[in-house]
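What follows is the content of run_39.txt, which has compact mmCIF, C-alpha atoms and all ligand atoms:
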# COMPACT_ATOMS: atom_id res chain seq x y z
CA MET A 29 0.00 0.00 0.00
CA ASN A 30 1.35 3.46 -0.85
CA LEU A 31 0.56 6.84 0.68
CA GLU A 32 -2.30 7.69 -1.68
CA GLN A 33 -3.89 4.28 -1.10
CA LEU A 34 -3.51 4.71 2.64
CA LEU A 35 -5.20 8.10 2.59
CA LYS A 36 -7.97 6.63 0.48
CA ALA A 37 -8.39 3.88 3.08
CA PHE A 38 -8.84 6.61 5.70
CA SER A 39 -11.70 8.19 3.75
CA GLU A 40 -13.32 4.82 3.16
CA VAL A 41 -13.12 3.69 6.78
CA LEU A 42 -14.44 7.01 8.03
CA PHE A 43 -17.27 6.92 5.54
CA SER A 44 -18.25 3.42 6.65
CA VAL A 45 -18.15 4.53 10.29
CA PHE A 46 -20.54 7.40 9.52
CA GLN A 47 -22.82 4.98 7.72
CA GLN A 48 -22.85 2.66 10.72
CA VAL A 49 -23.79 5.53 13.00
CA GLU A 50 -26.59 6.56 10.67
CA SER A 51 -27.96 3.07 10.23
CA THR A 52 -28.10 1.95 13.87
CA GLU A 53 -31.83 1.64 14.46
CA ASP A 54 -32.26 2.02 18.19
CA LEU A 55 -29.50 3.94 19.91
CA LEU A 56 -31.58 4.22 23.08
CA ASN A 57 -31.04 0.49 23.41
CA ASP A 58 -27.76 0.06 25.33
CA LYS A 59 -26.89 -3.18 23.60
CA GLN A 60 -27.14 -1.61 20.17
CA LYS A 61 -25.22 1.43 21.29
CA MET A 62 -22.39 -0.68 22.73
CA ALA A 63 -22.27 -2.76 19.56
CA LEU A 64 -21.95 0.39 17.48
CA ILE A 65 -19.12 1.74 19.65
CA ALA A 66 -17.30 -1.61 19.56
CA SER A 67 -17.57 -1.71 15.80
CA ILE A 68 -16.19 1.83 15.45
CA ILE A 69 -13.26 1.04 17.75
CA ALA A 70 -12.50 -2.12 15.75
CA ALA A 71 -12.54 -0.19 12.46
CA LEU A 72 -10.16 2.42 13.88
CA ASP A 73 -7.85 -0.26 15.35
CA GLU A 74 -7.59 -1.92 11.98
CA LEU A 75 -6.91 1.37 10.22
CA GLN A 76 -4.22 2.17 12.76
CA ALA A 77 -2.52 -1.17 12.14
CA VAL A 78 -2.45 -0.51 8.39
CA THR A 79 -1.09 2.99 9.01
CA GLU A 80 1.68 1.71 11.26
CA GLN A 81 2.69 -0.75 8.60
CA THR A 82 2.50 1.61 5.62
CA LEU A 83 4.00 4.85 6.88
CA PRO A 84 7.48 3.58 7.81
CA GLU A 85 7.82 2.19 4.27
CA GLU A 86 6.67 5.49 2.78
CA LEU A 87 9.06 7.51 4.96
CA THR A 88 11.92 5.21 4.01
CA SER A 89 11.24 5.60 0.32
CA ALA A 90 10.90 9.39 0.66
CA TYR A 91 14.21 9.51 2.53
CA THR A 92 15.84 7.36 -0.16
CA ALA A 93 14.45 9.69 -2.82
CA GLY A 94 16.12 12.55 -0.93
CA LEU A 95 19.45 10.69 -1.01
CA SER A 96 19.21 10.17 -4.77
CA GLU A 97 18.12 13.74 -5.37
CA ALA A 98 21.15 14.92 -3.38
CA GLN A 99 23.44 12.57 -5.25
CA ALA A 100 22.34 14.04 -8.58
CA ALA A 101 22.70 17.60 -7.24
CA LEU A 102 26.24 16.86 -6.03
CA GLN A 103 27.25 15.56 -9.47
CA GLU A 104 25.81 18.69 -11.01
CA LEU A 105 27.65 20.91 -8.52
CA LEU A 106 30.94 19.19 -9.38
CA THR A 107 30.60 19.76 -13.12
CA SER A 108 30.99 23.51 -12.62
CA ALA A 109 33.24 23.48 -9.53
CA PRO A 110 36.75 24.99 -9.73
CA ALA A 111 39.66 22.76 -8.66
CA SER A 112 40.16 23.13 -4.88
CA PRO A 113 40.60 20.95 -1.79
CA ILE A 114 36.87 21.22 -1.08
CA THR A 115 36.04 20.09 -4.60
CA ALA A 116 38.33 17.10 -4.15
CA THR A 117 36.65 16.17 -0.84
CA ILE A 118 33.15 16.42 -2.31
CA ALA A 119 34.17 14.55 -5.44
CA ALA A 120 35.64 11.69 -3.40
CA ALA A 121 32.47 11.43 -1.28
CA ALA A 122 30.13 11.75 -4.25
CA LYS A 123 31.86 8.87 -6.02
CA LEU A 124 30.37 6.49 -3.47
CA LYS A 125 26.68 5.73 -3.63
CA PRO A 126 24.74 6.80 -0.52
CA VAL A 127 24.07 3.91 1.86
CA ILE A 128 20.91 4.18 3.94
CA ALA A 129 22.37 1.76 6.49
CA ASN A 130 24.95 4.38 7.48
CA ARG A 131 24.42 5.61 11.00
CA ILE A 132 23.64 9.22 10.06
CA HIS A 133 20.79 8.09 7.79
CA LEU A 134 19.49 5.29 9.97
CA ASN A 135 19.30 7.55 13.02
CA ALA A 136 17.52 10.32 11.14
CA LEU A 137 15.05 7.93 9.57
CA ASN A 138 14.29 6.16 12.85
CA ASN A 139 13.62 9.51 14.52
CA LEU A 140 11.29 10.54 11.74
CA ILE A 141 9.41 7.26 11.87
CA SER A 142 8.96 7.27 15.63
CA ASP A 143 7.84 10.94 15.67
CA THR A 144 5.32 10.30 12.93
CA LEU A 145 3.91 7.17 14.52
CA ALA A 146 3.66 8.89 17.90
CA ASP A 147 1.69 11.75 16.32
CA LEU A 148 -0.69 9.36 14.65
CA LYS A 149 -1.06 7.15 17.69
CA ALA A 150 -2.21 10.18 19.66
CA ALA A 151 -4.59 11.13 16.82
CA PHE A 152 -6.18 7.67 16.83
CA ARG A 153 -6.53 7.76 20.60
CA THR A 154 -8.25 11.14 20.45
CA ALA A 155 -10.53 9.94 17.64
CA ARG A 156 -11.64 6.89 19.66
CA GLU A 157 -12.36 9.10 22.67
CA SER A 158 -14.26 11.60 20.50
CA ALA A 159 -16.38 8.81 19.03
CA ILE A 160 -17.32 7.39 22.42
CA THR A 161 -18.02 10.71 24.14
CA THR A 162 -19.95 12.12 21.18
CA ILE A 163 -22.28 9.13 21.09
CA ASN A 164 -22.72 8.87 24.87
CA ASP A 165 -23.11 12.58 25.52
CA THR A 166 -25.61 13.10 22.72
CA ILE A 167 -27.71 10.17 23.85
CA ASP A 168 -27.62 11.42 27.46
CA VAL A 169 -28.97 14.80 26.39
CA VAL A 170 -31.65 13.18 24.23
CA ARG A 171 -32.74 10.98 27.17
CA LEU A 172 -33.10 14.01 29.41
CA GLU A 173 -35.14 15.80 26.76
CA ILE A 174 -37.38 12.76 26.32
CA ALA A 175 -37.88 12.49 30.07
CA SER A 176 -38.83 16.16 30.36
CA GLY A 177 -41.14 15.98 27.36
CA ILE A 178 -39.14 18.31 25.11
CA ILE A 179 -38.81 15.57 22.52
CA GLN A 180 -42.04 14.11 21.27
CA GLY A 181 -42.92 11.81 18.39
CA ASN A 182 -40.63 8.99 17.32
CA HIS A 183 -37.84 8.83 19.93
CA ASN A 184 -35.67 6.46 17.92
CA ARG A 185 -35.76 8.64 14.86
CA VAL A 186 -34.99 11.81 16.76
CA THR A 187 -32.11 10.10 18.58
CA ALA A 188 -30.66 8.68 15.37
CA LYS A 189 -30.78 12.10 13.70
CA ARG A 190 -29.21 13.90 16.64
CA VAL A 191 -26.39 11.39 17.06
CA ALA A 192 -25.65 11.35 13.33
CA LYS A 193 -25.48 15.14 13.30
CA ALA A 194 -23.24 15.36 16.38
CA PHE A 195 -21.05 12.61 15.00
CA ALA A 196 -20.64 14.34 11.66
CA GLN A 197 -19.62 17.54 13.45
CA GLY A 198 -17.00 16.12 15.78
CA GLY A 199 -17.36 12.38 16.26
CA LEU A 200 -13.96 11.60 14.82
CA THR A 201 -12.02 14.64 15.97
CA SER A 202 -8.38 13.67 16.24
CA PHE A 203 -6.72 17.00 16.80
CA ILE A 204 -7.72 20.50 17.92
CA THR A 205 -5.65 23.31 16.42
CA ARG A 206 -4.45 26.30 18.41
CA ASP A 207 -7.27 28.39 16.97
CA GLY A 208 -9.83 25.81 18.04
CA LYS A 209 -10.47 24.02 14.73
CA ARG A 210 -11.44 20.38 15.20
CA LEU A 211 -9.62 18.25 12.62
CA PRO A 212 -11.22 14.89 11.83
CA LEU A 213 -8.95 11.87 11.76
CA ASP A 214 -8.63 11.59 7.97
CA VAL A 215 -7.76 15.27 7.53
CA TYR A 216 -5.20 15.24 10.32
CA ALA A 217 -3.61 11.95 9.21
CA SER A 218 -3.27 13.29 5.69
CA LEU A 219 -1.57 16.47 6.97
CA VAL A 220 0.88 14.52 9.10
CA ALA A 221 1.65 11.98 6.39
CA ARG A 222 2.29 14.60 3.72
CA VAL A 223 4.43 16.86 5.88
CA LYS A 224 6.47 13.98 7.29
CA THR A 225 7.18 12.31 3.94
CA ARG A 226 8.32 15.65 2.55
CA GLN A 227 10.44 16.18 5.63
CA ALA A 228 11.97 12.72 5.16
CA GLN A 229 12.96 13.62 1.62
CA VAL A 230 14.56 16.95 2.58
CA THR A 231 16.35 15.35 5.55
CA GLY A 232 17.69 12.58 3.30
CA ALA A 233 19.16 15.21 0.98
CA GLU A 234 20.50 17.28 3.87
CA ASN A 235 22.27 14.34 5.44
CA ARG A 236 23.74 13.24 2.14
CA TYR A 237 25.20 16.73 1.68
CA LYS A 238 26.62 16.65 5.20
CA GLU A 239 28.12 13.24 4.52
CA ALA A 240 29.83 14.61 1.39
CA GLY A 241 31.33 17.54 3.32
CA VAL A 242 28.87 20.20 2.09
CA THR A 243 28.05 22.59 4.93
CA THR A 244 25.59 25.02 3.26
CA VAL A 245 22.43 24.63 1.20
CA ARG A 246 20.20 26.98 -0.72
CA ILE A 247 16.43 26.79 -0.25
CA PHE A 248 14.84 26.18 -3.59
CA GLU A 249 11.20 27.10 -4.21
CA ASN A 250 9.02 27.31 -7.29
CA ALA A 251 8.43 30.73 -8.78
CA VAL A 252 4.72 30.46 -7.92
CA THR A 253 5.10 30.44 -4.20
CA CYS A 254 2.84 30.92 -1.23
CA PRO A 255 3.49 33.70 1.34
CA VAL A 256 5.11 31.25 3.76
CA CYS A 257 7.63 29.81 1.31
CA ALA A 258 8.44 33.17 -0.29
CA LYS A 259 10.23 34.23 2.89
CA TYR A 260 12.67 31.36 2.60
CA ARG A 261 13.17 31.30 -1.15
CA ASN A 262 16.87 31.35 -2.25
CA MET A 263 18.16 31.73 1.30
CA ILE A 264 21.49 30.10 2.06
CA VAL A 265 21.33 28.09 5.28
CA VAL A 266 24.24 26.58 7.21
CA ILE A 267 23.59 22.87 7.92
CA SER A 268 26.75 22.17 9.89
CA GLY A 269 28.94 24.53 11.89
CA SER A 270 28.43 28.28 11.50
CA ILE A 271 29.40 31.06 9.06
CA PRO A 272 29.37 34.76 9.98
CA GLY A 273 26.59 36.65 8.20
CA PHE A 274 24.52 33.50 7.63
CA LYS A 275 21.92 31.63 9.60
CA THR A 276 21.94 28.03 10.76
CA LYS A 277 19.01 25.68 10.26
CA ASN A 278 18.01 26.30 13.86
CA GLU A 279 17.41 29.93 12.95
CA VAL A 280 15.99 29.36 9.48
CA PRO A 281 14.25 25.99 9.23
CA LEU A 282 14.51 23.90 6.08
CA PRO A 283 11.34 22.96 4.11
CA PRO A 284 8.60 21.79 4.33
CA TYR A 285 6.93 24.88 5.73
CA HIS A 286 3.36 23.58 5.43
CA PRO A 287 1.45 20.57 4.03
CA ASN A 288 2.07 20.06 0.30
CA CYS A 289 5.06 22.41 0.43
CA ARG A 290 7.16 21.97 -2.67
CA GLY A 291 10.33 23.51 -1.24
CA THR A 292 13.63 21.65 -1.44
CA ILE A 293 17.36 22.27 -0.83
CA ARG A 294 20.39 22.36 -3.14
CA PRO A 295 24.07 22.16 -2.16
CA VAL A 296 26.14 25.35 -2.10
CA VAL A 297 29.88 25.78 -1.58
CA MET A 298 30.54 29.27 -0.30
CA ASP A 299 34.06 29.34 -1.83
CA PHE A 300 32.53 28.94 -5.28
CA LEU A 301 30.33 32.03 -5.00
CA SER A 302 31.43 35.23 -6.72
CA ASP A 303 31.71 38.40 -4.61
CA ALA A 304 28.45 39.66 -6.06
CA GLU A 305 26.66 36.36 -5.29
CA LEU A 306 28.02 36.36 -1.78
CA ALA A 307 26.87 39.94 -1.17
CA GLU A 308 23.43 39.10 -2.53
CA ALA A 309 23.16 36.02 -0.30
CA LYS A 310 24.20 38.05 2.74
CA ALA A 311 21.67 40.76 1.95
CA LEU A 312 18.92 38.15 1.65
CA THR A 313 19.86 36.74 5.07
CA ALA A 314 20.00 40.21 6.64
CA ALA A 315 16.54 41.02 5.26
CA PHE A 316 15.04 37.75 6.54
CA ASP A 317 11.91 38.48 8.52
CA PRO A 318 9.68 35.50 9.27
CA GLY A 319 6.71 37.85 9.77
CA LYS A 320 6.81 39.55 6.38
CA ASP A 321 5.36 38.67 2.96
CA ASN A 322 8.12 39.60 0.50
CA ARG A 323 6.50 38.49 -2.76
CA THR A 324 6.12 40.80 -5.73
CA PRO A 325 2.54 41.72 -6.75
CA ALA A 326 2.88 39.40 -9.79
CA GLN A 327 3.92 36.47 -7.60
CA ARG A 328 1.03 37.14 -5.26
CA LYS A 329 -1.41 37.21 -8.15
CA ALA A 330 -0.04 34.02 -9.72
CA TYR A 331 -0.25 32.20 -6.42
CA ALA A 332 -3.77 33.43 -5.69
CA LYS A 333 -4.90 32.27 -9.13
CA GLU A 334 -3.41 28.82 -8.62
CA GLN A 335 -5.10 28.54 -5.23
CA GLU A 336 -8.42 29.59 -6.72
CA ILE A 337 -8.21 26.86 -9.36
CA ARG A 338 -7.47 24.29 -6.68
CA ARG A 339 -10.23 25.52 -4.42
CA LYS A 340 -12.74 25.23 -7.24
CA ALA A 341 -11.58 21.70 -8.06
CA ARG A 342 -11.90 20.64 -4.42
CA GLU A 343 -15.37 22.14 -4.19
CA GLU A 344 -16.47 20.30 -7.33
CA THR A 345 -15.13 17.01 -6.00
CA LYS A 346 -17.10 17.48 -2.79
CA TYR A 347 -20.26 18.37 -4.70
CA TYR A 348 -19.78 15.29 -6.88
CA GLU A 349 -19.35 13.02 -3.86
CA ARG A 350 -22.55 14.33 -2.32
CA MET A 351 -24.41 13.92 -5.60
CA LYS A 352 -23.08 10.40 -6.05
CA ALA A 353 -24.13 9.47 -2.51
CA VAL A 354 -27.66 10.76 -3.13
CA LEU A 355 -28.26 9.78 -6.77
CA GLY A 356 -26.10 6.65 -7.07
CA ASP A 357 -26.06 5.39 -10.67
CA GLN A 358 -28.02 8.40 -11.87
CA ALA A 359 -25.03 10.65 -11.10
CA PRO A 360 -22.24 11.06 -13.69
CA LYS A 361 -19.89 8.06 -13.62
CA THR A 362 -16.68 9.92 -12.73
CA VAL A 363 -15.73 13.25 -11.22
CA GLY A 364 -14.19 14.16 -14.60
CA ALA A 365 -17.48 13.57 -16.40
CA PHE A 366 -19.27 15.52 -13.67
CA ARG A 367 -16.85 18.43 -14.08
CA ARG A 368 -17.27 18.56 -17.88
CA MET A 369 -21.03 18.43 -17.50
CA LYS A 370 -21.11 21.16 -14.86
CA ARG A 371 -18.80 23.49 -16.76
CA SER A 372 -20.69 23.11 -20.04
CA ASN A 373 -23.91 23.83 -18.09
CA GLY A 374 -26.04 22.10 -20.76
CA LYS A 375 -29.39 20.28 -20.54
CA GLY A 376 -27.83 17.11 -19.08
CA TRP A 377 -26.36 19.08 -16.22
CA GLN A 378 -29.56 20.95 -15.51
CA LYS A 379 -31.50 17.70 -15.43
CA VAL A 380 -29.15 15.93 -13.04
CA GLN A 381 -29.05 19.01 -10.83
CA VAL A 382 -32.83 19.09 -10.59
CA GLU A 383 -32.84 15.37 -9.67
CA TYR A 384 -30.24 16.00 -7.03
CA LEU A 385 -32.02 18.96 -5.46
CA LYS A 386 -35.28 17.04 -5.46
CA ALA A 387 -33.66 14.06 -3.72
CA VAL A 388 -31.98 16.27 -1.11
CA ARG A 389 -35.24 18.04 -0.23
CA GLU A 390 -37.16 14.81 0.26
ZN ZN A 401 4.45 27.13 0.54

Represent the structure from my file as structure tokens, please.
Amino acid sequence: MNLEQLLKAFSEVLFSVFQQVESTEDLLNDKQKMALIASIIAALDELQAVTEQTLPEELTSAYTAGLSEAQAALQELLTSAPASPITATIAAAAKLKPVIANRIHLNALNNLISDTLADLKAAFRTARESAITTINDTIDVVRLEIASGIIQGNHNRVTAKRVAKAFAQGGLTSFITRDGKRLPLDVYASLVARVKTRQAQVTGAENRYKEAGVTTVRIFENAVTCPVCAKYRNMIVVISGSIPGFKTKNEVPLPPYHPNCRGTIRPVVMDFLSDAELAEAKALTAAFDPGKDNRTPAQRKAYAKEQEIRRKAREETKYYERMKAVLGDQAPKTVGAFRRMKRSNGKGWQKVQVEYLKAVRE
């Protein structure tokens, strides 16, 4: 199983859990309630086992990709390097293929794996607790309202609706952000997995550079960059020791700076820089301000446009999933077909939209 398949498994398991909650007939019956909780816990346990098996493999392959990426970058660096003792040292080290079993790599990888698994273990624990408390607390409130006559009519149906609603809102919360956002398990797991695999790749490259005797790297970012990454773009960072006028990686962290960050690092040998390049690099370091957005208006615009396209695509996917859940076979077969239909806004689209709205209102 690879990362994408794992994240898909998260969505599927969570979806099936929601379905179980919705389809339990009598939640006021303790036996049925306990059976539902047990089944949710079992589904989460199984998902956790798959995660613990898959993620170490994914982190290892990301780290290995970082080693190879660094190897290629070292070769490239050497093609334009002037003859010097440093060049000779790097050339000698770069001749050997990187070995992941070396202590520097094994230690780094083991740390990454144990940090990642600890994060996810905590997320699963929180999700289990959220599931149990959401179900129990909601049912407790419903019972009180039934006893005091606030709820009339079909008790089972009211209970089922209330629990399903509460569960959808926070039943699988796995993490609460500093600003109070409740992240469901699949969202949080996907954040952690993406950031950590990216981090594994950058760390693999960093350690390969260190191993080859390279002490500085340049942060490399795409031209279309978000406000976070723009601050770090092209900065030279010292990865071992210290150099006056430059910052170490404790002062300026290496990528990733956020989920799906595309930032990476490239090797730099300070002795190879021209005076002008050195002055420019120093000026960039001196101007570094983690609180400031230093993009040009054109960069801002390009980034905003890219984000808008992505936002629209995500929205359409969500709409499609809802439509598919409601209409089944009557919905377009794939999200691609759905998208074409929606964007052309023809008769077929209008018809399916009417069907959908009708079904939702029922
Ligand atoms: Zn970014």

Contacts to ligand ZN 401 (chain A) at 9 Å cut-off (only C-alpha atoms and all ligand atoms) as an mmCIF file with C-alpha atoms, keeping the file's coordinate frame:
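Output saved as out05.cif:
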data_model
loop_
_atom_site.group_PDB
_atom_site.id
_atom_site.type_symbol
_atom_site.label_atom_id
_atom_site.label_comp_id
_atom_site.auth_asym_id
_atom_site.auth_seq_id
_atom_site.Cartn_x
_atom_site.Cartn_y
_atom_site.Cartn_z
ATOM 1 C CA GLU A 249 11.200 27.100 -4.210
ATOM 2 C CA THR A 253 5.100 30.440 -4.200
ATOM 3 C CA CYS A 254 2.840 30.920 -1.230
ATOM 4 C CA PRO A 255 3.490 33.700 1.340
ATOM 5 C CA VAL A 256 5.110 31.250 3.760
ATOM 6 C CA CYS A 257 7.630 29.810 1.310
ATOM 7 C CA ALA A 258 8.440 33.170 -0.290
ATOM 8 C CA PRO A 283 11.340 22.960 4.110
ATOM 9 C CA PRO A 284 8.600 21.790 4.330
ATOM 10 C CA TYR A 285 6.930 24.880 5.730
ATOM 11 C CA HIS A 286 3.360 23.580 5.430
ATOM 12 C CA PRO A 287 1.450 20.570 4.030
ATOM 13 C CA ASN A 288 2.070 20.060 0.300
ATOM 14 C CA CYS A 289 5.060 22.410 0.430
ATOM 15 C CA ARG A 290 7.160 21.970 -2.670
ATOM 16 C CA GLY A 291 10.330 23.510 -1.240
#

Can you pull out every residue within 10 Å of Lys149 of chain A, counting all atoms listed in the file, but drop anything in the same chain fewer than 4 positions away, and send it as a count of residues only?
10

Mind pulling up the distance from atom CA of Val45 of chain A to atom CA of Thr187 of chain A?
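Distance reported for this atom pair: 17.2 Å.
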
Hey, which of A:Glu279, A:Gly177, A:Leu95, A:Ala311 ends up closest to Val230 of chain A? Count all atoms listed in the file.
A:Leu95

Report the distance between atom CA of Asp58 of chain A and atom CA of Thr201 of chain A in Å, rounded to one decimal place.
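Interatomic distance, atom CA of Asp58 of chain A to atom CA of Thr201 of chain A: 23.4 Å.
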
What gap, in Å, lies between atom CA of Leu55 of chain A and atom CA of Arg210 of chain A?
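So the two atoms, atom CA of Leu55 of chain A and atom CA of Arg210 of chain A, lie 24.9 Å apart.
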
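With only C-alpha atoms as the atoms that count, the residue of A:Tyr331, A:Trp377, A:Tyr91, A:Phe43 with the shortest distance to Pro126 of chain A is A:Tyr91.
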